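Single-structure report; data block below.
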Amino acid sequence: RYRIKIEWDSKFTNSIIYDNLADYGAGGYLYFSSIVDLINTTITNNQCKAGSGGFHCRLDSQLNTINSILWENYPFEIFISGTDAPNDVTISYSDIRNGENGIYLNGNSNLEWGIENIDLNPEFLDLDTGNFRLSSTSPCIDAGDPDNLYNDNDGSINDMGAFGGFGSDW
């Protein structure tokens, strides 16, 4: 369980961020021109008192999400705030609870919402015990970016979430 405060450029691949409680950015808090790439990452069950839940972006930050799952973060999966500098969020081949409605976006920021995104229950094996592997009927299986760069270890199309993609050996 990790809450991450990010001030620079970071990349998270095959990562899980879960079960955090905070005043701001329970899962992650980006600010001051930070750039974060989430690749095959699962962010779930994070709760925030002041709006963000999964990830909070502010002060000219950039969040790029691909092949990831943001689910059951409250009150929002992603919270983009601050009118002093724009923030940019790009989401593709990801499962976001409530789709675009799961993202709070202020008037001075940009959201690039790919058509490949879904908003369906990822069907974790057991959310309550922290087993975030996908059930065999999950809509996130073979739903990631079809580029060979992201293929699962068995050569199939990437699954969304921490257990999909080329780095999913654990």
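Scheme for the structure tokens: letters A, B, ... for chains in order shown; per-chain residue numbers from 1; ligand numbers from 1 in order shown.
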
### Task
Tell me, as a list in words, which residues lie within 7 Å of Trp113 (chain A), counting only C-alpha atoms; anything in the same chain fewer than 6 positions away does not count.
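The neighbour list is Thr90, Ile91 and Ser92 of chain A.
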
Compile a residue-level contact table for region 66-104 of chain A against region 37-58 of chain A at a cut-off of 7 Å, reporting for every qualifying residue the shortest atom pair and its distance in Å to one decimal, with only C-alpha atoms counted, rows ordered by chain and ascending number, as JSON lines.
```
{"residue": "A:Ile66", "atom": "CA", "partner": "A:Ile39", "partner_atom": "CA", "distance": 5.1}
{"residue": "A:Asn67", "atom": "CA", "partner": "A:Asn40", "partner_atom": "CA", "distance": 4.8}
{"residue": "A:Ser68", "atom": "CA", "partner": "A:Asn40", "partner_atom": "CA", "distance": 4.6}
{"residue": "A:Ile69", "atom": "CA", "partner": "A:Thr42", "partner_atom": "CA", "distance": 4.8}
{"residue": "A:Leu70", "atom": "CA", "partner": "A:Ile43", "partner_atom": "CA", "distance": 4.8}
{"residue": "A:Trp71", "atom": "CA", "partner": "A:Thr44", "partner_atom": "CA", "distance": 4.9}
{"residue": "A:Glu72", "atom": "CA", "partner": "A:Asn45", "partner_atom": "CA", "distance": 5.0}
{"residue": "A:Asn73", "atom": "CA", "partner": "A:Asn46", "partner_atom": "CA", "distance": 4.7}
{"residue": "A:Tyr74", "atom": "CA", "partner": "A:Gly53", "partner_atom": "CA", "distance": 4.6}
{"residue": "A:Pro75", "atom": "CA", "partner": "A:Gly53", "partner_atom": "CA", "distance": 5.6}
{"residue": "A:Phe76", "atom": "CA", "partner": "A:Gly53", "partner_atom": "CA", "distance": 5.3}
{"residue": "A:Glu77", "atom": "CA", "partner": "A:Gly54", "partner_atom": "CA", "distance": 4.6}
{"residue": "A:Ile78", "atom": "CA", "partner": "A:Phe55", "partner_atom": "CA", "distance": 4.8}
{"residue": "A:Phe79", "atom": "CA", "partner": "A:Ser52", "partner_atom": "CA", "distance": 4.6}
{"residue": "A:Ile80", "atom": "CA", "partner": "A:Cys57", "partner_atom": "CA", "distance": 4.8}
{"residue": "A:Ser81", "atom": "CA", "partner": "A:Arg58", "partner_atom": "CA", "distance": 5.3}
{"residue": "A:Gly82", "atom": "CA", "partner": "A:Arg58", "partner_atom": "CA", "distance": 5.7}
{"residue": "A:Asn87", "atom": "CA", "partner": "A:Arg58", "partner_atom": "CA", "distance": 6.3}
```

### Message
Set the distance at 9 Å and use only C-alpha atoms: which residues neighbour Asp152 (chain A) once local chain neighbours fewer than 3 positions away are removed? I'd like the list as number ranges by chain.
### Response
A: 142, 148, 155-159, 163-168

### helix (DSSP H, G or I) per DSSP on the backbone: members of chain A, as a PyMOL selection string
chain A and resi 99-102+127-129+148-150

Expected file: the selected residues, C-alpha atoms, as a short mmCIF file (atom, residue, chain, number, x, y, z; two decimals), in the first residue's frame:
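Below you can see out.cif, which holds the result:
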```cif
data_model
loop_
_atom_site.label_atom_id
_atom_site.label_comp_id
_atom_site.auth_asym_id
_atom_site.auth_seq_id
_atom_site.Cartn_x
_atom_site.Cartn_y
_atom_site.Cartn_z
CA GLY A 99 -15.69 6.18 -17.70
CA GLU A 100 -15.16 9.88 -18.29
CA ASN A 101 -17.62 10.62 -15.46
CA GLY A 102 -15.09 9.04 -13.08
CA LEU A 127 -10.72 -7.22 -4.06
CA ASP A 128 -11.24 -7.64 -0.30
CA THR A 129 -8.07 -9.70 0.16
CA ASN A 148 3.43 -6.20 -29.93
CA LEU A 149 5.38 -3.96 -27.54
CA TYR A 150 2.70 -4.59 -24.90
#
```

In region 50-154 of chain A, what's strand (DSSP E or B) per DSSP? Answer as a CSV table (one decimal) with N, CA and C atoms, in the first residue's frame?
```
chain,number,residue,atom,x,y,z
A,55,PHE,N,-5.9,9.3,-8.4
A,55,PHE,CA,-4.8,10.2,-8.7
A,55,PHE,C,-5.3,11.7,-8.7
A,56,HIS,N,-4.5,12.6,-8.3
A,56,HIS,CA,-4.7,14.0,-8.2
A,56,HIS,C,-3.6,14.7,-9.1
A,57,CYS,N,-4.1,15.5,-10.1
A,57,CYS,CA,-3.1,16.2,-10.9
A,57,CYS,C,-3.3,17.7,-10.8
A,62,GLN,N,1.2,16.1,-16.0
A,62,GLN,CA,0.8,15.3,-17.1
A,62,GLN,C,0.7,13.8,-16.7
A,63,LEU,N,-0.5,13.2,-16.9
A,63,LEU,CA,-0.7,11.8,-16.6
A,63,LEU,C,-1.0,11.0,-17.8
A,64,ASN,N,-0.2,10.0,-18.1
A,64,ASN,CA,-0.5,9.1,-19.3
A,64,ASN,C,-0.8,7.7,-18.8
A,65,THR,N,-1.9,7.2,-19.2
A,65,THR,CA,-2.4,5.9,-18.7
A,65,THR,C,-2.7,5.0,-19.8
A,66,ILE,N,-2.0,3.8,-19.8
A,66,ILE,CA,-2.3,2.8,-20.9
A,66,ILE,C,-2.3,1.4,-20.2
A,69,ILE,N,-6.0,-0.1,-14.9
A,69,ILE,CA,-7.3,-0.2,-14.3
A,69,ILE,C,-7.3,0.8,-13.1
A,70,LEU,N,-8.3,1.7,-13.1
A,70,LEU,CA,-8.6,2.6,-12.0
A,70,LEU,C,-10.0,2.3,-11.6
A,71,TRP,N,-10.2,1.7,-10.4
A,71,TRP,CA,-11.5,1.1,-10.0
A,71,TRP,C,-11.7,1.3,-8.5
A,74,TYR,N,-12.3,6.7,-4.4
A,74,TYR,CA,-13.4,7.6,-4.1
A,74,TYR,C,-12.8,8.9,-3.6
A,78,ILE,N,-9.7,9.9,-11.1
A,78,ILE,CA,-8.7,10.9,-11.3
A,78,ILE,C,-9.3,12.3,-11.1
A,79,PHE,N,-8.6,13.1,-10.4
A,79,PHE,CA,-9.1,14.5,-10.0
A,79,PHE,C,-8.1,15.5,-10.6
A,80,ILE,N,-8.5,16.3,-11.5
A,80,ILE,CA,-7.6,17.3,-12.1
A,80,ILE,C,-8.1,18.7,-11.6
A,88,ASP,N,-2.6,17.9,-18.3
A,88,ASP,CA,-3.0,17.0,-19.4
A,88,ASP,C,-3.1,15.6,-19.0
A,89,VAL,N,-4.2,14.9,-19.3
A,89,VAL,CA,-4.4,13.5,-19.0
A,89,VAL,C,-4.7,12.8,-20.3
A,90,THR,N,-4.0,11.7,-20.6
A,90,THR,CA,-4.2,10.9,-21.7
A,90,THR,C,-4.5,9.5,-21.2
A,91,ILE,N,-5.6,8.9,-21.6
A,91,ILE,CA,-6.0,7.6,-21.2
A,91,ILE,C,-6.3,6.7,-22.4
A,92,SER,N,-5.7,5.6,-22.5
A,92,SER,CA,-6.0,4.7,-23.6
A,92,SER,C,-5.9,3.2,-23.2
A,95,ASP,N,-9.4,0.6,-18.2
A,95,ASP,CA,-10.7,0.4,-17.6
A,95,ASP,C,-10.8,1.4,-16.4
A,96,ILE,N,-11.7,2.4,-16.6
A,96,ILE,CA,-11.9,3.5,-15.6
A,96,ILE,C,-13.3,3.4,-15.1
A,103,ILE,N,-13.8,11.0,-13.8
A,103,ILE,CA,-12.7,11.9,-13.8
A,103,ILE,C,-13.3,13.3,-13.6
A,104,TYR,N,-12.7,14.0,-12.6
A,104,TYR,CA,-13.1,15.4,-12.4
A,104,TYR,C,-12.1,16.2,-13.2
A,105,LEU,N,-12.6,17.1,-14.0
A,105,LEU,CA,-11.7,17.9,-14.9
A,105,LEU,C,-12.1,19.3,-14.8
A,110,ASN,N,-6.8,19.4,-20.0
A,110,ASN,CA,-7.2,18.6,-21.2
A,110,ASN,C,-7.3,17.2,-20.9
A,111,LEU,N,-8.3,16.5,-21.4
A,111,LEU,CA,-8.4,15.1,-21.2
A,111,LEU,C,-8.5,14.5,-22.6
A,112,GLU,N,-7.6,13.6,-23.0
A,112,GLU,CA,-7.6,12.8,-24.2
A,112,GLU,C,-8.1,11.4,-23.9
A,113,TRP,N,-9.4,11.2,-24.2
A,113,TRP,CA,-10.0,9.9,-23.9
A,113,TRP,C,-10.1,9.0,-25.1
A,118,ILE,N,-12.7,1.3,-21.5
A,118,ILE,CA,-13.9,0.7,-21.1
A,118,ILE,C,-14.2,1.1,-19.7
A,124,PHE,N,-11.9,-8.5,-10.5
A,124,PHE,CA,-10.7,-9.0,-9.7
A,124,PHE,C,-11.1,-10.3,-9.0
A,125,LEU,N,-10.1,-11.1,-8.8
A,125,LEU,CA,-10.4,-12.4,-8.2
A,125,LEU,C,-10.9,-12.2,-6.7
A,126,ASP,N,-10.3,-11.3,-6.0
A,126,ASP,CA,-10.8,-11.0,-4.6
A,126,ASP,C,-10.3,-9.6,-4.2
A,131,ASN,N,-6.3,-9.5,-3.9
A,131,ASN,CA,-6.0,-10.4,-5.1
A,131,ASN,C,-6.5,-9.7,-6.3
A,132,PHE,N,-5.7,-8.9,-7.0
A,132,PHE,CA,-6.1,-8.1,-8.2
A,132,PHE,C,-5.9,-8.8,-9.5
A,133,ARG,N,-5.6,-10.1,-9.5
A,133,ARG,CA,-5.6,-10.9,-10.7
A,133,ARG,C,-7.0,-10.9,-11.3
A,134,LEU,N,-7.1,-11.1,-12.6
A,134,LEU,CA,-8.4,-11.0,-13.3
A,134,LEU,C,-9.0,-12.4,-13.3
```

### Query
In Å, how far is it from CA of Asn151 (chain A) to CA of Tyr18 (chain A)?
24.6 Å

### Task
Considering only C-alpha atoms, state which residue in the set A:Gly27, A:Gly144, A:Pro86, A:Pro139 is at the smallest distance from Ser109 (chain A).
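Between A:Gly27, A:Gly144, A:Pro86, A:Pro139, the residue approaching Ser109 (chain A) most closely is A:Pro86.
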
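In this model, the gap between CA of Gly161 (chain A) and CA of Pro122 (chain A) comes to 8.9 Å.
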